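K.L.:
Here it is: the structure, laid out below.
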Amino acid sequence: MKQTILFLLLLMVLSGCKTTRSYMSQPESELSPEQIEMARQERIGWFKEARYGLFIHWGLYAIPGGTWGDTVRKRGYSEWIMFSEKIPREEYAQLAERFNPVDFDAEEWVDIAKRAGMRYVVITAKHHDGFAMFDSAVTDYDIVDATPFKRDVIKELEEACHRAGLQFGVYYSVDRDWYRPTGQGSERYKKQTNLWDFPDSTQADFDKYFEEIAYPQVKELITQYDIDLIWFDAIEMKSPEQIERLANTIRKHSPETLINSRIWSPAFPKVVPPPHCDYISSGDNKILKNSIDFEWENPGSMNTSYGYNPNDHNWVEPGEIVARLADIVSKGGNYLLNVGPTPKGTFEQTAIDRLLEAGKWMDVNEEAIRDASPWLQYSEGESIYYTAKDEYVYAICTEWPADQLVLQAFDAENAPNVSVESVELLGSQEKIEWKHSEDGLKLSIPKQVPNELGLVYRIEVK
């Protein structure tokens with residue numbers, strides 16, 4: 001391992017930044033493993049620094065909002081309503097005539113993300129229902145051609161994000177399309193496809209779909225928009241050759257764009273790092289148990305749905321948002337937290353309130369999150385998480401300690417070679433009394449509360 005690192009460093013010195021960046025646009029088949037990693041590191045720097053982003057699921061499914069006929073769903077994925085209610089293609093497509101989100105304001109969405117402490121935004125450019133939320137020349141079944149709204153929300157949000165200094169990404173469902181007869185695919189995945197309209201779809205049909213819809217639309221997105229990240233969702237219907245073609249096209253036309261692991265599958269990769277991708281997407285709301293020594297991201301939701309559902313009141317509280325963020329970052333991951341906008345183009349006030357409350361915690365404590373890495377230990381008990389950066393370890397306490405706090409992660413057994421130099425509390429001028437012994441690190445509790453959602457001790461070590 002040490003030899004590989006030294007070789008990478010030597011390559012970087014000899015080749016220089018310009019050559020390193022040139023690797024980013026080349027197919028992986030033409031590069032050595034060291035060159036592939038150099039290119040990936042060049043792309044992914046902003047992602048590691050950000051640690052926290054906003055996911056947005058928005059489309060025609062926002063109109064029914066989990067309700068169809070007599071069925072009123074209070075839990076679950078409302079963006080799946082076409083599938084769950086087996087809505088005929090032609091009937092579902094009529095929703096486009098009613099989609100007119102005149103209250104949509106990209107600047108407002110971006111402002112909420114920034115105030116929440118998020119550094120990037122990812123929105124659904126096409127979900128499984130096949131409807132494109134951008135101006136696509138491949139089809140008229142898109143927001144500009146098929147709705148009275150006539151505006152390209154992907155372009156507006158992309159420009160608003162970049163004006164505000166946020167990175168911008170798009171979600172694209174590349175293996176599922178309930179609207180098109182060719183988008184249904186193989187026998188293995190017919191349980192997740194539109195069999196009520198298209199019972200006889202085959203793998204050959206999917207290959208045609210890939211050539212005529214999926215591949216051209218991905219190419220449109222990366223050539224017509226300034227995309228920092230493309231968030232694929234897939235169910236393994238593509239061949240390795242099709243995956244490689246997608247990846248190579250992205251690398252050629254938009255070499256700085258990050259690609260997630262779901263270009264292959266929603267399942268955790270069998271091999272890390274997987275080919276043709278820059279980071280791993282974990283399961284929905286699934287936080288990894290350990291660090292994997294590779295960049296990863298958890299796609300979480302504010303309630304049980306990702307798409308809008310006015311009857312889903314199972315909201316994540318601000319304190320839980322902070323705890324999940326701390327847990328994820330302690331293991332080297334990013335938190336991509338989802339909001340489902342209304343048919344009018346607004347965020348529900350409940351979601352806004354929770355995001356901004358957690359954002360106040362970030363205002364005080366973001367130093368423990370941005371560009372932070374795992375430490376010797378991820379957590380302690382159920383409410384203490386550790387991150388590390390430079391010469392500091394951050395103890396993130398998501399529950400207010402009742403009395404003196406003892407961090408056993410610093411005891412002689414867990415941290416035998418760690419020496420504590422100083423301790424401060426982020427957001428506070430109070431002096432923290434501390435004592436490092438074989439039993440751990442004993443810390444005083446401040447009288448003033450920097451933020452009700454928890455406190456962060458910055459511990460200088462050597």
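Here's how to read the names in the structure tokens: chain A, B, ... by the order shown, residue numbers from 1 in each chain, ligand numbers from 1 in the order shown.
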Which residues come within 7 Å of stretch 157-173 of chain A, counting only C-alpha atoms, excluding same-chain residues fewer than 5 positions away, as a ChimeraX atom specification?

P.N.:
/A:106-107,110,119-128,226-234

K.L.:
Identify, on the basis of only C-alpha atoms, every residue whose closest approach to stretch 279-296 of chain A does not exceed 10 Å; exclude the query and any residue fewer than 2 positions from it along the same chain; express the result as an MDAnalysis selection string.

P.N.:
chainID A and resid 40 44 47:48 51 231:233 258:263 265:269 272:274 276:277 298:302 304 306 324:325 327:337 373:375 377:378

K.L.:
Would you kindly return, as a PyMOL selection string, each protein, DNA or RNA residue with an atom no farther than 10 Å from any atom of stretch 385-401 of chain A, considering only C-alpha atoms and excluding same-chain residues fewer than 5 positions away?

P.N.:
chain A and resi 319-320+322-332+365+367-380+406-407+409+420-426+444-446+449+451-462

K.L.:
For the selection just defined, write its residues with N, CA and C atoms to a file, as a compact mmCIF listing (two decimals), in the first residue's frame.

P.N.:
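Final output, selection36.txt:
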```txt
# COMPACT_ATOMS: atom_id res chain seq x y z
N GLY A 319 -33.11 17.32 15.47
CA GLY A 319 -32.07 16.62 16.22
C GLY A 319 -31.65 15.32 15.57
N GLU A 320 -32.62 14.64 14.94
CA GLU A 320 -32.30 13.39 14.24
C GLU A 320 -31.51 13.68 12.96
N VAL A 322 -29.33 16.08 12.61
CA VAL A 322 -27.96 16.32 13.09
C VAL A 322 -27.29 15.01 13.48
N ALA A 323 -28.02 14.13 14.17
CA ALA A 323 -27.44 12.87 14.60
C ALA A 323 -27.07 11.99 13.41
N ARG A 324 -27.94 11.94 12.40
CA ARG A 324 -27.64 11.14 11.22
C ARG A 324 -26.45 11.72 10.45
N LEU A 325 -26.41 13.05 10.34
CA LEU A 325 -25.29 13.69 9.67
C LEU A 325 -23.98 13.36 10.38
N ALA A 326 -23.97 13.47 11.71
CA ALA A 326 -22.76 13.16 12.48
C ALA A 326 -22.36 11.70 12.34
N ASP A 327 -23.34 10.82 12.38
CA ASP A 327 -23.08 9.38 12.24
C ASP A 327 -22.46 9.08 10.88
N ILE A 328 -23.04 9.65 9.83
CA ILE A 328 -22.56 9.40 8.47
C ILE A 328 -21.15 9.94 8.27
N VAL A 329 -20.92 11.19 8.68
CA VAL A 329 -19.60 11.80 8.48
C VAL A 329 -18.54 11.10 9.33
N SER A 330 -18.92 10.59 10.50
CA SER A 330 -17.96 9.87 11.34
C SER A 330 -17.42 8.63 10.64
N LYS A 331 -18.15 8.15 9.63
CA LYS A 331 -17.75 6.97 8.87
C LYS A 331 -17.29 7.33 7.46
N GLY A 332 -17.01 8.61 7.25
CA GLY A 332 -16.46 9.04 5.97
C GLY A 332 -17.47 9.24 4.87
N ASN A 365 -21.33 24.61 14.13
CA ASN A 365 -20.49 23.42 14.25
C ASN A 365 -20.00 22.83 12.94
N GLU A 367 -17.46 23.15 11.28
CA GLU A 367 -16.04 22.78 11.28
C GLU A 367 -15.86 21.29 11.54
N ALA A 368 -16.77 20.69 12.30
CA ALA A 368 -16.68 19.27 12.62
C ALA A 368 -17.20 18.38 11.50
N ILE A 369 -17.81 19.00 10.48
CA ILE A 369 -18.44 18.26 9.39
C ILE A 369 -17.70 18.43 8.07
N ARG A 370 -17.40 19.67 7.68
CA ARG A 370 -16.78 19.92 6.39
C ARG A 370 -15.40 19.27 6.29
N ASP A 371 -15.22 18.50 5.24
CA ASP A 371 -13.91 17.89 4.94
C ASP A 371 -13.39 17.04 6.10
N ALA A 372 -14.29 16.62 7.00
CA ALA A 372 -13.88 15.79 8.13
C ALA A 372 -13.80 14.32 7.72
N SER A 373 -13.03 13.56 8.48
CA SER A 373 -12.78 12.14 8.19
C SER A 373 -13.03 11.30 9.44
N PRO A 374 -13.09 10.00 9.28
CA PRO A 374 -13.22 9.13 10.45
C PRO A 374 -11.99 9.22 11.36
N TRP A 375 -12.22 9.00 12.64
CA TRP A 375 -11.13 8.95 13.63
C TRP A 375 -10.89 7.50 14.01
N LEU A 376 -10.18 7.27 15.11
CA LEU A 376 -9.91 5.91 15.59
C LEU A 376 -11.21 5.18 15.93
N GLN A 377 -12.20 5.93 16.37
CA GLN A 377 -13.48 5.36 16.77
C GLN A 377 -14.59 6.22 16.18
N TYR A 378 -15.67 5.58 15.69
CA TYR A 378 -16.76 6.34 15.06
C TYR A 378 -17.66 7.01 16.09
N SER A 379 -18.00 6.24 17.12
CA SER A 379 -18.99 6.75 18.06
C SER A 379 -18.78 6.12 19.43
N GLU A 380 -19.54 6.65 20.37
CA GLU A 380 -19.48 6.17 21.74
C GLU A 380 -20.88 6.28 22.32
N VAL A 406 -17.32 12.05 30.22
CA VAL A 406 -16.11 11.24 30.12
C VAL A 406 -16.11 10.53 28.77
N LEU A 407 -15.14 10.85 27.94
CA LEU A 407 -15.00 10.22 26.64
C LEU A 407 -14.06 9.03 26.75
N ALA A 409 -13.40 6.88 24.58
CA ALA A 409 -12.62 6.63 23.36
C ALA A 409 -11.19 7.10 23.51
N VAL A 420 -3.63 14.56 24.36
CA VAL A 420 -4.52 15.71 24.24
C VAL A 420 -3.76 16.97 24.61
N GLU A 421 -3.82 17.99 23.74
CA GLU A 421 -3.12 19.25 23.95
C GLU A 421 -4.04 20.35 24.46
N SER A 422 -5.27 20.40 23.96
CA SER A 422 -6.21 21.42 24.39
C SER A 422 -7.62 20.98 24.03
N VAL A 423 -8.61 21.62 24.68
CA VAL A 423 -10.02 21.34 24.40
C VAL A 423 -10.79 22.65 24.39
N GLU A 424 -11.60 22.85 23.33
CA GLU A 424 -12.47 24.00 23.24
C GLU A 424 -13.85 23.54 22.82
N LEU A 425 -14.83 24.40 23.04
CA LEU A 425 -16.20 24.10 22.62
C LEU A 425 -16.55 25.02 21.45
N LEU A 426 -16.95 24.44 20.32
CA LEU A 426 -17.31 25.26 19.16
C LEU A 426 -18.49 26.16 19.50
N SER A 444 -15.62 19.26 31.23
CA SER A 444 -16.67 20.01 31.91
C SER A 444 -17.79 20.36 30.94
N ILE A 445 -18.96 20.64 31.49
CA ILE A 445 -20.12 20.99 30.69
C ILE A 445 -20.31 22.50 30.74
N PRO A 446 -20.47 23.17 29.60
CA PRO A 446 -20.60 24.64 29.62
C PRO A 446 -21.93 25.08 30.23
N VAL A 449 -25.45 27.41 26.40
CA VAL A 449 -25.72 26.41 25.37
C VAL A 449 -25.51 27.02 23.99
N ASN A 451 -26.00 25.63 21.06
CA ASN A 451 -27.15 25.22 20.25
C ASN A 451 -27.85 24.06 20.95
N GLU A 452 -29.17 24.10 20.98
CA GLU A 452 -29.96 23.11 21.71
C GLU A 452 -29.83 21.70 21.13
N LEU A 453 -29.45 21.58 19.86
CA LEU A 453 -29.39 20.26 19.23
C LEU A 453 -28.13 19.49 19.58
N GLY A 454 -27.22 20.11 20.31
CA GLY A 454 -26.02 19.38 20.72
C GLY A 454 -24.79 20.26 20.68
N LEU A 455 -23.72 19.75 21.22
CA LEU A 455 -22.49 20.51 21.31
C LEU A 455 -21.33 19.72 20.72
N VAL A 456 -20.28 20.44 20.34
CA VAL A 456 -19.12 19.82 19.73
C VAL A 456 -17.86 20.30 20.44
N TYR A 457 -17.11 19.34 20.99
CA TYR A 457 -15.81 19.64 21.58
C TYR A 457 -14.73 19.49 20.50
N ARG A 458 -13.91 20.52 20.36
CA ARG A 458 -12.76 20.45 19.47
C ARG A 458 -11.53 20.11 20.32
N ILE A 459 -10.99 18.94 20.07
CA ILE A 459 -9.91 18.40 20.89
C ILE A 459 -8.63 18.36 20.08
N GLU A 460 -7.65 19.14 20.46
CA GLU A 460 -6.36 19.15 19.77
C GLU A 460 -5.53 17.98 20.28
N VAL A 461 -5.01 17.19 19.36
CA VAL A 461 -4.26 16.00 19.75
C VAL A 461 -2.94 15.96 18.99
N LYS A 462 -2.05 15.12 19.51
CA LYS A 462 -0.85 14.80 18.76
C LYS A 462 -0.40 13.38 19.10
```

K.L.:
What lies within 7 Å of stretch 58-68 of chain A using only C-alpha atoms, ignoring chain neighbours under 2 positions off, as an MDAnalysis selection string?

P.N.:
chainID A and resid 56 70:73 78:79 81 95:96 99 124 133 307:310 340:343

K.L.:
Restricting it to all heavy atoms, dump the selection as a compact mmCIF listing (two decimals), in the first residue's frame.

P.N.:
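What ended up in out28.txt:
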```txt
# COMPACT_ATOMS: atom_id res chain seq x y z
N ILE A 56 -33.76 16.26 -4.19
CA ILE A 56 -35.10 16.73 -4.53
C ILE A 56 -35.75 15.73 -5.48
O ILE A 56 -35.24 15.50 -6.58
CB ILE A 56 -35.06 18.12 -5.19
CG1 ILE A 56 -34.44 19.16 -4.24
CG2 ILE A 56 -36.47 18.56 -5.58
CD1 ILE A 56 -34.18 20.50 -4.90
N ASP A 70 -59.54 5.67 -4.38
CA ASP A 70 -59.86 5.47 -2.97
C ASP A 70 -58.63 5.16 -2.13
O ASP A 70 -58.74 5.02 -0.91
CB ASP A 70 -60.87 4.33 -2.82
CG ASP A 70 -62.22 4.65 -3.45
OD1 ASP A 70 -62.56 5.85 -3.50
OD2 ASP A 70 -62.90 3.72 -3.92
N THR A 71 -57.48 5.05 -2.77
CA THR A 71 -56.26 4.71 -2.04
C THR A 71 -55.56 5.97 -1.55
O THR A 71 -55.19 6.84 -2.35
CB THR A 71 -55.29 3.91 -2.93
OG1 THR A 71 -55.94 2.71 -3.38
CG2 THR A 71 -54.04 3.54 -2.16
N VAL A 72 -55.40 6.07 -0.25
CA VAL A 72 -54.68 7.19 0.36
C VAL A 72 -53.51 6.61 1.15
O VAL A 72 -53.70 5.98 2.18
CB VAL A 72 -55.59 8.00 1.30
CG1 VAL A 72 -54.81 9.17 1.93
CG2 VAL A 72 -56.81 8.53 0.54
N ARG A 73 -52.33 6.82 0.64
CA ARG A 73 -51.13 6.28 1.29
C ARG A 73 -50.52 7.33 2.22
O ARG A 73 -50.27 8.46 1.81
CB ARG A 73 -50.10 5.85 0.25
CG ARG A 73 -50.58 4.70 -0.64
CD ARG A 73 -49.53 4.30 -1.66
NE ARG A 73 -50.03 3.23 -2.51
CZ ARG A 73 -49.91 1.94 -2.23
NH1 ARG A 73 -49.30 1.57 -1.13
NH2 ARG A 73 -50.39 1.02 -3.06
N SER A 78 -44.24 7.86 -2.58
CA SER A 78 -45.33 8.38 -3.41
C SER A 78 -44.92 8.55 -4.86
O SER A 78 -45.77 8.59 -5.76
CB SER A 78 -45.84 9.70 -2.84
OG SER A 78 -44.86 10.72 -2.94
N GLU A 79 -43.61 8.68 -5.11
CA GLU A 79 -43.13 8.80 -6.49
C GLU A 79 -43.29 7.51 -7.28
O GLU A 79 -43.13 7.49 -8.51
CB GLU A 79 -41.66 9.26 -6.51
CG GLU A 79 -40.67 8.26 -5.96
CD GLU A 79 -40.50 8.32 -4.44
OE1 GLU A 79 -41.34 8.96 -3.76
OE2 GLU A 79 -39.54 7.71 -3.93
N ILE A 81 -46.24 5.93 -7.40
CA ILE A 81 -47.68 5.71 -7.46
C ILE A 81 -48.14 5.11 -8.78
O ILE A 81 -49.09 4.31 -8.81
CB ILE A 81 -48.45 7.01 -7.15
CG1 ILE A 81 -49.91 6.68 -6.84
CG2 ILE A 81 -48.29 8.03 -8.27
CD1 ILE A 81 -50.67 7.80 -6.17
N LEU A 95 -51.53 13.71 -16.34
CA LEU A 95 -51.10 14.57 -15.25
C LEU A 95 -50.27 15.74 -15.76
O LEU A 95 -50.24 16.81 -15.14
CB LEU A 95 -50.30 13.77 -14.22
CG LEU A 95 -51.06 12.72 -13.41
CD1 LEU A 95 -50.07 11.90 -12.58
CD2 LEU A 95 -52.10 13.38 -12.51
N ALA A 96 -49.58 15.53 -16.88
CA ALA A 96 -48.74 16.59 -17.43
C ALA A 96 -49.55 17.84 -17.78
O ALA A 96 -49.06 18.98 -17.66
CB ALA A 96 -47.99 16.09 -18.67
N PHE A 99 -49.75 19.96 -14.66
CA PHE A 99 -48.52 20.32 -13.94
C PHE A 99 -48.13 21.75 -14.30
O PHE A 99 -47.60 22.02 -15.38
CB PHE A 99 -47.40 19.35 -14.31
CG PHE A 99 -46.21 19.44 -13.39
CD1 PHE A 99 -46.26 18.90 -12.12
CD2 PHE A 99 -45.05 20.08 -13.79
CE1 PHE A 99 -45.17 18.98 -11.26
CE2 PHE A 99 -43.95 20.17 -12.95
CZ PHE A 99 -44.02 19.62 -11.67
N THR A 124 -34.27 15.22 -9.45
CA THR A 124 -34.68 14.20 -10.42
C THR A 124 -34.90 14.82 -11.80
O THR A 124 -35.83 15.59 -12.01
CB THR A 124 -35.99 13.52 -9.98
OG1 THR A 124 -36.93 14.53 -9.57
CG2 THR A 124 -35.74 12.57 -8.82
N MET A 133 -37.89 16.18 -16.58
CA MET A 133 -38.06 17.50 -15.97
C MET A 133 -37.13 18.52 -16.60
O MET A 133 -36.82 19.55 -16.00
CB MET A 133 -37.83 17.39 -14.47
CG MET A 133 -38.85 16.54 -13.74
SD MET A 133 -40.50 17.30 -13.72
CE MET A 133 -40.24 18.61 -12.52
N GLY A 307 -40.98 11.53 -2.89
CA GLY A 307 -41.87 12.46 -3.56
C GLY A 307 -42.84 13.09 -2.57
O GLY A 307 -43.03 12.58 -1.45
N TYR A 308 -43.50 14.15 -2.97
CA TYR A 308 -44.44 14.88 -2.12
C TYR A 308 -45.61 14.00 -1.71
O TYR A 308 -46.21 13.31 -2.54
CB TYR A 308 -44.94 16.10 -2.87
CG TYR A 308 -46.10 16.83 -2.21
CD1 TYR A 308 -45.91 17.52 -1.02
CD2 TYR A 308 -47.36 16.84 -2.81
CE1 TYR A 308 -46.97 18.20 -0.42
CE2 TYR A 308 -48.42 17.53 -2.23
CZ TYR A 308 -48.22 18.19 -1.03
OH TYR A 308 -49.27 18.86 -0.44
N ASN A 309 -45.95 14.02 -0.42
CA ASN A 309 -47.14 13.34 0.09
C ASN A 309 -47.66 14.13 1.28
O ASN A 309 -47.08 14.07 2.37
CB ASN A 309 -46.83 11.90 0.51
CG ASN A 309 -48.08 11.14 0.92
OD1 ASN A 309 -49.11 11.73 1.23
ND2 ASN A 309 -48.01 9.82 0.91
N PRO A 310 -48.76 14.88 1.11
CA PRO A 310 -49.27 15.72 2.20
C PRO A 310 -49.81 14.92 3.37
O PRO A 310 -50.04 15.50 4.45
CB PRO A 310 -50.38 16.53 1.52
CG PRO A 310 -50.84 15.67 0.38
CD PRO A 310 -49.60 14.98 -0.10
N GLY A 340 -39.49 16.56 -1.00
CA GLY A 340 -40.39 16.41 -2.14
C GLY A 340 -41.25 17.65 -2.30
O GLY A 340 -42.18 17.86 -1.51
N PRO A 341 -40.98 18.49 -3.29
CA PRO A 341 -41.76 19.72 -3.46
C PRO A 341 -43.22 19.45 -3.83
O PRO A 341 -43.56 18.41 -4.38
CB PRO A 341 -41.04 20.43 -4.61
CG PRO A 341 -39.67 19.85 -4.63
CD PRO A 341 -39.84 18.42 -4.21
N THR A 342 -44.06 20.42 -3.56
CA THR A 342 -45.48 20.34 -3.86
C THR A 342 -45.73 20.54 -5.35
O THR A 342 -44.84 20.99 -6.09
CB THR A 342 -46.26 21.43 -3.09
OG1 THR A 342 -45.93 22.71 -3.67
CG2 THR A 342 -45.89 21.44 -1.61
N PRO A 343 -46.96 20.26 -5.82
CA PRO A 343 -47.27 20.52 -7.24
C PRO A 343 -47.15 22.00 -7.61
O PRO A 343 -46.97 22.33 -8.79
CB PRO A 343 -48.73 20.04 -7.37
CG PRO A 343 -48.93 19.10 -6.24
CD PRO A 343 -48.07 19.59 -5.13
```
